[in-house]
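Worksheet: one structure, shown below.
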Amino acid sequence: MKQTKKYAIIVVILVCSMWPTSAWTQDVNRTQITSLLHNEGLEDIATKVVGDTLYAKFEDRAHRGTFRGAAAAIKTIATALPQLQQFEMVLTDYKMPQLIVHASRRGGLWDVRVDRKMHDALELLRGESIEKTSTGKIDITVFPMVSLVNNKLDHLFDYAVRIAPAFATTLWSGSRLTVQPVFPILYRLTDRNDSKRRIQIGNANLSQQILSTNTWQISAAAGFFFPERVGVQAKVGVHATRNLDFYIDAGLTYKANNKPFSGFGFVNGSRQINAMAHVDYYEPYTKLQLELQGGRFLYGDYGVRADVTRHFGEYAIGLYGILTGGEHNAGFHFAIPFGGKRQKRTTFVRLRLPEYYALEYSMQAYFKYWSKNMGQSFVTQPDQNHAAHYWEPAYVEEYVQRMLNGDFK
Amino acid sequence: MKKFLLSICMLAVASVCLFMTSCKDDDEPAVVQVTGSLDQVIGDETSTNPGFVYSFELDGRTYNSLAALKAAIAALPEGTTHTLTVIGTDANGKAHRGNTTTFTSPRAGQSVTIPIDVPLHDADHSQGATLVITAPESHNGGAVE
């Protein structure tokens with residue numbers, strides 16, 4: 001019944017699209033729209049005009065955060081096409097749809113709703129040519145890495161300052177090929193075998209988002225992960241409600257051997273299987289993101305981790321606690337804006353700063369918890385933090401609306 | 001400006017947390033541990049020869065118990081040179097001085113074994129008495145990564 005209703009809507013929309021259109025749509029030049037959106041730094045642009053509604057799908061690799069691109073697109077198109085009443089935008093991440101923004105003009109002001117009901121818009125845009133493609137374009141993002149460990153008796157810190165340039169490109173829909181070696185710059189490390197003294201492989205992997213719908217999110221990755229793991233990882237998620245997600249992720253990894261004289265690859269006997277179940281809830285009124293995960297951490301310890309993160313626009317500041325294998329840890333993390341608000345990609349290769357700088361403070365740095373690497377997990381992407389790629393409908397909706405209202409810049 | 005200040009505040013909070021967690025907890029091991037066979041040798045001698053008591057001279061200062069001596073050794077600055085002499089006093093009040101040992105206190109992560117000459121009641125001196133000073137490398141602190 002539900003399916004029939006969907007088809008009926010599509011048929012109605014298609015019939016409407018063939019109907020004699022209103023005066024303004026006859027004047028609309030799709031090349032001009034694409035050009036306007038591209039001037040804002042948007043890529044992989046597909047557009048279609050149906051009645052008084054403009055449908056668009058695009059990738060925003062220029063603006064910081066997940067909401068600036070949509071707000072910029074609405075402002076630009078609204079100025080160029082003052083007759084436009086409805087603007088439907090599918091926002092993509094590595095060419096995979098994440099959210100749809102429904103923007104309606106109401107007496108000179110824009111009313112914005114955001115959700116994941118993208119199916120109908122995607123059906124409409126299917127077959128439309130994709131302009132200004134991002135395929136193969138390379139981003140070189142220079143990540144600084146600072147590590148301070150305060151557990152020594154004869155000096156205040158063991159420290160390491162490293163730099164990790166990430167070379168990343170999207171080869172096809174949903175893919176991301178990343179190579180991110182890590183180079184030591186300055187360090188004082190007591191342990192002579194500490195891997196922070198050496199050049200590390202860091203991330204060198206191919207990740208693939210396989211499915212992204214109103215309900216499902218499925219992704220996988222293979223290669224070298226940070227820190228010092230090599231193997232495969234998969235993640236399956238369900239959007240239970242607009243603000244509540246469940247997902248599980250699992251990995252089979254080995255310790256990565258990255259000593260120049262011993263070769264690169266697996267370290268025998270270092271196999272680990274990790275699996276975690278997650279619940280992620282965003283509370284729009286307080287802007288709190290509540291996360292709970294439990295299962296087997298990277299080095300085989302069983303436990304739970306709870307995070308409470310407050311989103312202040314582009315800032316994300318959170319507290320966490322971990323109970324695992326009879327040990328405990330707690331601390332806080334934050335991600336703060338780092339690069340410019342917009343870093344447009346004008347050439348095939350772009351050198352840029354990361355959008356956010358993220359740090360995590362841990363109160364435990366010794367005894368069993370530290371020596372056995374408890375409560376650990378690996379990352380498959382260089383920009384994995386609580387602010388980047390945060391495709392949460394209520395969060396994006398609020399900040400697109402606030403940018404259009406002029407009370408967030 | 002507000003955002004810049006927020007960033008500075010976050011970094012300041014992280015720094016304060018790091019400094020706070022540099023303090024040693026009660027359940028952590030002692031900063032410097034002093035062990036060895038000296039306890040055993042002195043325990044045997046005083047139990048078999050009642051009235052024979054020991055005192056210890058560290059850098060010219062006298063300590064009347066082994067526990068007080070250990071506490072003083074544990075508080076020595078790392079990598080500094082010191083002298084230690086064991087003195088046995090018999091029931092008649094006659095002091096028997098052992099040979100003075102010179103040692104260097106260990107640095108963090110090191111351990112030093114000091115051979116100690118212990119005068120005995122029968123005028124012989126002990127063989128093989130030692131003090132072992134161990135300075136652990138780490139304590140439980142915080143980390144920012």
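Residue numbering restarts at 1 for every chain of the structure tokens, chains are lettered A, B, ... in their displayed order, and ligands are numbered from 1 as they appear.
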Can you work out which residues from chain B touch chain A at a cut-off of 7 Å (counting only C-alpha atoms) and hand them back as an mmCIF file with C-alpha atoms, in the first residue's frame?
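Okay, this is what ended up in iface.cif:
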data_model
loop_
_atom_site.group_PDB
_atom_site.id
_atom_site.type_symbol
_atom_site.label_atom_id
_atom_site.label_comp_id
_atom_site.auth_asym_id
_atom_site.auth_seq_id
_atom_site.Cartn_x
_atom_site.Cartn_y
_atom_site.Cartn_z
ATOM 1 C CA SER B 7 38.744 27.356 21.798
ATOM 2 C CA ALA B 14 42.721 20.229 28.935
ATOM 3 C CA LEU B 18 46.733 17.203 32.692
ATOM 4 C CA THR B 21 46.302 14.229 37.071
ATOM 5 C CA SER B 22 50.071 14.505 37.391
ATOM 6 C CA ALA B 108 63.550 7.381 37.223
ATOM 7 C CA GLU B 137 59.487 5.297 35.701
ATOM 8 C CA SER B 138 55.816 6.202 35.698
ATOM 9 C CA HIS B 139 52.804 7.038 37.773
ATOM 10 C CA ASN B 140 49.204 7.327 36.722
ATOM 11 C CA GLY B 141 48.607 10.597 34.937
ATOM 12 C CA GLY B 142 46.519 11.992 32.127
ATOM 13 C CA ALA B 143 46.937 12.072 28.398
ATOM 14 C CA VAL B 144 45.812 14.316 25.580
ATOM 15 C CA GLU B 145 45.877 12.847 22.115
#
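Within 6 Å of segment 181-186 of chain A, once only C-alpha atoms are used and residues closer than 5 positions along the same chain are dropped, the contacting residues are Ala160, Val161, Arg162, Ile163, Ala164, Ile199, Gln200, Ile201 and Gly202 of chain A.
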Output C-alpha atoms for every residue in that selection, as a PDB file, in the first residue's frame.
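Wrote out27.pdb, looks like this:
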ATOM      1  CA  ALA A 160      55.130  14.112  20.355  1.00  0.00           C
ATOM      2  CA  VAL A 161      54.287  16.616  17.660  1.00  0.00           C
ATOM      3  CA  ARG A 162      53.615  15.002  14.325  1.00  0.00           C
ATOM      4  CA  ILE A 163      52.217  16.005  10.991  1.00  0.00           C
ATOM      5  CA  ALA A 164      49.952  13.810   8.903  1.00  0.00           C
ATOM      6  CA  ILE A 199      57.264   7.452  10.279  1.00  0.00           C
ATOM      7  CA  GLN A 200      53.945   5.587  10.422  1.00  0.00           C
ATOM      8  CA  ILE A 201      51.725   4.415   7.601  1.00  0.00           C
ATOM      9  CA  GLY A 202      48.701   5.912   9.351  1.00  0.00           C
TER      10      GLY A 202
END
* Close residues, segment 223-234 of chain A itself excluded, 9 Å, only C-alpha atoms, min 3 positions apart in chain, as a PyMOL selection string -> chain A and resi 179+195+200-207+218-220+248-258+265-266+377-382
Output file for the selection above: N, CA and C atoms, as a short mmCIF file (atom, residue, chain, number, x, y, z; two decimals), in the first residue's frame:
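That gives us again.cif:
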data_model
loop_
_atom_site.label_atom_id
_atom_site.label_comp_id
_atom_site.auth_asym_id
_atom_site.auth_seq_id
_atom_site.Cartn_x
_atom_site.Cartn_y
_atom_site.Cartn_z
N VAL A 179 45.24 8.07 1.80
CA VAL A 179 46.61 7.73 2.20
C VAL A 179 47.08 8.85 3.12
N SER A 195 56.23 3.90 18.77
CA SER A 195 56.05 4.07 17.32
C SER A 195 55.92 5.53 16.91
N GLN A 200 54.98 6.63 10.39
CA GLN A 200 53.95 5.59 10.42
C GLN A 200 53.14 5.62 9.13
N ILE A 201 52.57 4.47 8.81
CA ILE A 201 51.72 4.41 7.60
C ILE A 201 50.44 5.21 7.84
N GLY A 202 49.94 5.18 9.06
CA GLY A 202 48.70 5.91 9.35
C GLY A 202 47.52 5.29 8.63
N ASN A 203 46.75 6.10 7.93
CA ASN A 203 45.63 5.58 7.14
C ASN A 203 46.10 5.34 5.70
N ALA A 204 45.84 4.18 5.19
CA ALA A 204 46.07 3.89 3.76
C ALA A 204 45.00 2.87 3.40
N ASN A 205 43.82 3.36 3.11
CA ASN A 205 42.71 2.42 2.95
C ASN A 205 41.68 2.92 1.94
N LEU A 206 40.85 1.98 1.55
CA LEU A 206 39.72 2.30 0.69
C LEU A 206 38.46 2.07 1.51
N SER A 207 37.67 3.12 1.67
CA SER A 207 36.40 2.94 2.37
C SER A 207 35.27 3.13 1.37
N ILE A 218 25.13 1.47 5.34
CA ILE A 218 26.09 0.35 5.37
C ILE A 218 27.39 0.82 4.75
N SER A 219 28.50 0.56 5.43
CA SER A 219 29.80 0.95 4.88
C SER A 219 30.84 -0.09 5.25
N ALA A 220 31.95 -0.06 4.54
CA ALA A 220 33.05 -1.00 4.79
C ALA A 220 34.36 -0.33 4.44
N ILE A 248 25.99 -1.29 14.30
CA ILE A 248 27.05 -2.17 14.81
C ILE A 248 28.23 -2.05 13.88
N ASP A 249 29.41 -2.12 14.43
CA ASP A 249 30.59 -2.16 13.58
C ASP A 249 31.52 -3.24 14.08
N ALA A 250 32.23 -3.84 13.15
CA ALA A 250 33.12 -4.93 13.49
C ALA A 250 34.36 -4.85 12.62
N GLY A 251 35.46 -5.32 13.15
CA GLY A 251 36.71 -5.28 12.40
C GLY A 251 37.56 -6.51 12.65
N LEU A 252 38.29 -6.90 11.64
CA LEU A 252 39.29 -7.96 11.78
C LEU A 252 40.61 -7.32 11.40
N THR A 253 41.48 -7.13 12.37
CA THR A 253 42.71 -6.39 12.07
C THR A 253 43.93 -7.08 12.68
N TYR A 254 45.07 -6.79 12.08
CA TYR A 254 46.37 -7.22 12.60
C TYR A 254 47.17 -5.97 12.93
N LYS A 255 48.16 -6.14 13.77
CA LYS A 255 49.07 -5.02 14.01
C LYS A 255 49.85 -4.80 12.72
N ALA A 256 49.99 -3.55 12.35
CA ALA A 256 50.70 -3.23 11.12
C ALA A 256 52.19 -3.10 11.41
N ASN A 257 52.97 -3.84 10.67
CA ASN A 257 54.41 -3.73 10.80
C ASN A 257 54.88 -2.62 9.87
N ASN A 258 55.44 -1.58 10.44
CA ASN A 258 55.85 -0.47 9.57
C ASN A 258 57.30 -0.08 9.80
N GLY A 265 53.51 -4.74 6.63
CA GLY A 265 52.45 -5.73 6.52
C GLY A 265 51.97 -6.19 7.87
N PHE A 266 51.49 -7.45 7.93
CA PHE A 266 50.93 -8.01 9.15
C PHE A 266 52.04 -8.39 10.12
N SER A 377 39.96 2.02 20.11
CA SER A 377 39.38 1.68 18.81
C SER A 377 40.24 2.36 17.75
N PHE A 378 40.10 1.92 16.51
CA PHE A 378 40.89 2.54 15.45
C PHE A 378 40.00 3.45 14.61
N VAL A 379 40.61 4.29 13.82
CA VAL A 379 39.83 5.13 12.91
C VAL A 379 40.20 4.78 11.48
N THR A 380 39.22 4.90 10.60
CA THR A 380 39.46 4.60 9.19
C THR A 380 39.59 5.87 8.36
N GLN A 381 39.21 7.00 8.96
CA GLN A 381 39.27 8.27 8.23
C GLN A 381 40.02 9.30 9.05
N PRO A 382 40.77 10.18 8.40
CA PRO A 382 41.53 11.17 9.15
C PRO A 382 40.67 12.17 9.90
#
* Asked: Tell me, which residues of segment 316-382 of chain A carry DSSP strand (DSSP E), written as number ranges by chain?
  -> A: 316-324, 327-337, 349-352, 356-362
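Near Leu131 of chain B, within 12 Å and counting only C-alpha atoms, sit Gln33, Val34, Thr35, Gly36, Ser37, Leu38, Asp39, Gln40, Val41, Leu66, Leu69, Lys70, Ile73, Ala74, Leu84, Val86, Thr101, Phe103, Ser105, Ser111, Val112, Thr113, Ile114, Pro115, Ile116, Asp117, Val118, Gly128 and Thr134 of chain B; same-chain residues fewer than 3 positions away were not included.
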Any chance you can output those residues with N, CA and C atoms as an mmCIF file, in the first residue's frame?
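File produced: selection-v2.cif:
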data_model
loop_
_atom_site.group_PDB
_atom_site.id
_atom_site.type_symbol
_atom_site.label_atom_id
_atom_site.label_comp_id
_atom_site.auth_asym_id
_atom_site.auth_seq_id
_atom_site.Cartn_x
_atom_site.Cartn_y
_atom_site.Cartn_z
ATOM 1 N N GLN B 33 61.086 2.848 45.977
ATOM 2 C CA GLN B 33 60.971 1.703 46.888
ATOM 3 C C GLN B 33 62.366 1.291 47.354
ATOM 4 N N VAL B 34 62.485 0.984 48.665
ATOM 5 C CA VAL B 34 63.765 0.532 49.209
ATOM 6 C C VAL B 34 63.545 -0.865 49.787
ATOM 7 N N THR B 35 64.186 -1.831 49.203
ATOM 8 C CA THR B 35 64.037 -3.226 49.646
ATOM 9 C C THR B 35 65.440 -3.816 49.858
ATOM 10 N N GLY B 36 65.564 -5.126 49.836
ATOM 11 C CA GLY B 36 66.869 -5.767 49.970
ATOM 12 C C GLY B 36 66.950 -6.627 51.209
ATOM 13 N N SER B 37 68.105 -7.267 51.404
ATOM 14 C CA SER B 37 68.264 -8.259 52.475
ATOM 15 C C SER B 37 68.728 -7.641 53.796
ATOM 16 N N LEU B 38 68.919 -6.330 53.847
ATOM 17 C CA LEU B 38 69.386 -5.698 55.087
ATOM 18 C C LEU B 38 68.399 -5.943 56.242
ATOM 19 N N ASP B 39 67.113 -5.893 55.950
ATOM 20 C CA ASP B 39 66.091 -6.158 56.975
ATOM 21 C C ASP B 39 66.316 -7.517 57.627
ATOM 22 N N GLN B 40 66.545 -8.515 56.765
ATOM 23 C CA GLN B 40 66.681 -9.891 57.240
ATOM 24 C C GLN B 40 67.917 -10.044 58.142
ATOM 25 N N VAL B 41 69.035 -9.478 57.692
ATOM 26 C CA VAL B 41 70.298 -9.610 58.429
ATOM 27 C C VAL B 41 70.163 -8.945 59.801
ATOM 28 N N LEU B 66 65.359 1.259 60.880
ATOM 29 C CA LEU B 66 65.502 0.962 59.453
ATOM 30 C C LEU B 66 64.410 1.662 58.646
ATOM 31 N N LEU B 69 65.411 5.161 58.059
ATOM 32 C CA LEU B 69 66.481 5.212 57.044
ATOM 33 C C LEU B 69 65.897 5.074 55.637
ATOM 34 N N LYS B 70 64.967 4.110 55.497
ATOM 35 C CA LYS B 70 64.368 3.872 54.161
ATOM 36 C C LYS B 70 63.605 5.097 53.680
ATOM 37 N N ILE B 73 66.111 7.556 52.482
ATOM 38 C CA ILE B 73 66.701 7.170 51.184
ATOM 39 C C ILE B 73 65.692 7.428 50.056
ATOM 40 N N ALA B 74 64.421 7.091 50.320
ATOM 41 C CA ALA B 74 63.398 7.285 49.285
ATOM 42 C C ALA B 74 63.253 8.749 48.895
ATOM 43 N N LEU B 84 76.649 5.825 53.444
ATOM 44 C CA LEU B 84 75.817 5.122 54.421
ATOM 45 C C LEU B 84 76.703 4.210 55.284
ATOM 46 N N VAL B 86 76.457 1.535 58.755
ATOM 47 C CA VAL B 86 75.616 0.853 59.737
ATOM 48 C C VAL B 86 76.417 0.736 61.037
ATOM 49 N N THR B 101 79.616 2.808 52.933
ATOM 50 C CA THR B 101 79.327 2.550 51.514
ATOM 51 C C THR B 101 78.959 3.877 50.826
ATOM 52 N N PHE B 103 77.147 5.482 47.485
ATOM 53 C CA PHE B 103 76.236 5.072 46.392
ATOM 54 C C PHE B 103 75.616 6.303 45.733
ATOM 55 N N SER B 105 72.074 7.664 44.095
ATOM 56 C CA SER B 105 70.628 7.375 44.047
ATOM 57 C C SER B 105 70.172 7.211 42.588
ATOM 58 N N SER B 111 67.226 1.094 38.892
ATOM 59 C CA SER B 111 67.285 0.432 40.188
ATOM 60 C C SER B 111 68.758 0.314 40.583
ATOM 61 N N VAL B 112 69.055 0.546 41.857
ATOM 62 C CA VAL B 112 70.450 0.484 42.330
ATOM 63 C C VAL B 112 70.521 -0.508 43.494
ATOM 64 N N THR B 113 71.473 -1.435 43.443
ATOM 65 C CA THR B 113 71.680 -2.386 44.539
ATOM 66 C C THR B 113 72.955 -1.986 45.283
ATOM 67 N N ILE B 114 72.834 -1.759 46.588
ATOM 68 C CA ILE B 114 73.976 -1.277 47.379
ATOM 69 C C ILE B 114 74.409 -2.387 48.350
ATOM 70 N N PRO B 115 75.635 -2.867 48.255
ATOM 71 C CA PRO B 115 76.115 -3.824 49.254
ATOM 72 C C PRO B 115 76.381 -3.082 50.572
ATOM 73 N N ILE B 116 75.877 -3.640 51.676
ATOM 74 C CA ILE B 116 75.993 -2.968 52.978
ATOM 75 C C ILE B 116 76.838 -3.818 53.923
ATOM 76 N N ASP B 117 77.745 -3.182 54.585
ATOM 77 C CA ASP B 117 78.566 -3.874 55.583
ATOM 78 C C ASP B 117 77.902 -3.722 56.947
ATOM 79 N N VAL B 118 77.508 -4.857 57.549
ATOM 80 C CA VAL B 118 76.773 -4.818 58.819
ATOM 81 C C VAL B 118 77.652 -5.409 59.931
ATOM 82 N N GLY B 128 76.866 -10.127 52.232
ATOM 83 C CA GLY B 128 75.717 -10.200 51.320
ATOM 84 C C GLY B 128 74.513 -9.380 51.694
ATOM 85 N N THR B 134 64.692 1.339 44.161
ATOM 86 C CA THR B 134 64.056 1.308 42.835
ATOM 87 C C THR B 134 63.238 2.581 42.637
#
* To do: Would you kindly return, as an MDAnalysis selection string, each protein, DNA or RNA residue with an atom no farther than 9 Å from any atom of Tyr94 of chain A, considering only C-alpha atoms and excluding same-chain residues fewer than 2 positions away?
  => chainID A and resid 59 61 92 96:97 134 169:170 172:176 209
* To do: Extract, using only C-alpha atoms, all DNA, RNA and protein residues at most 9 Å from segment 121-130 of chain A, discarding same-chain residues fewer than 6 positions from it, and format them as a PyMOL selection string.
  => chain A and resi 10+13-14+43-48+55-58+88-90+97+100
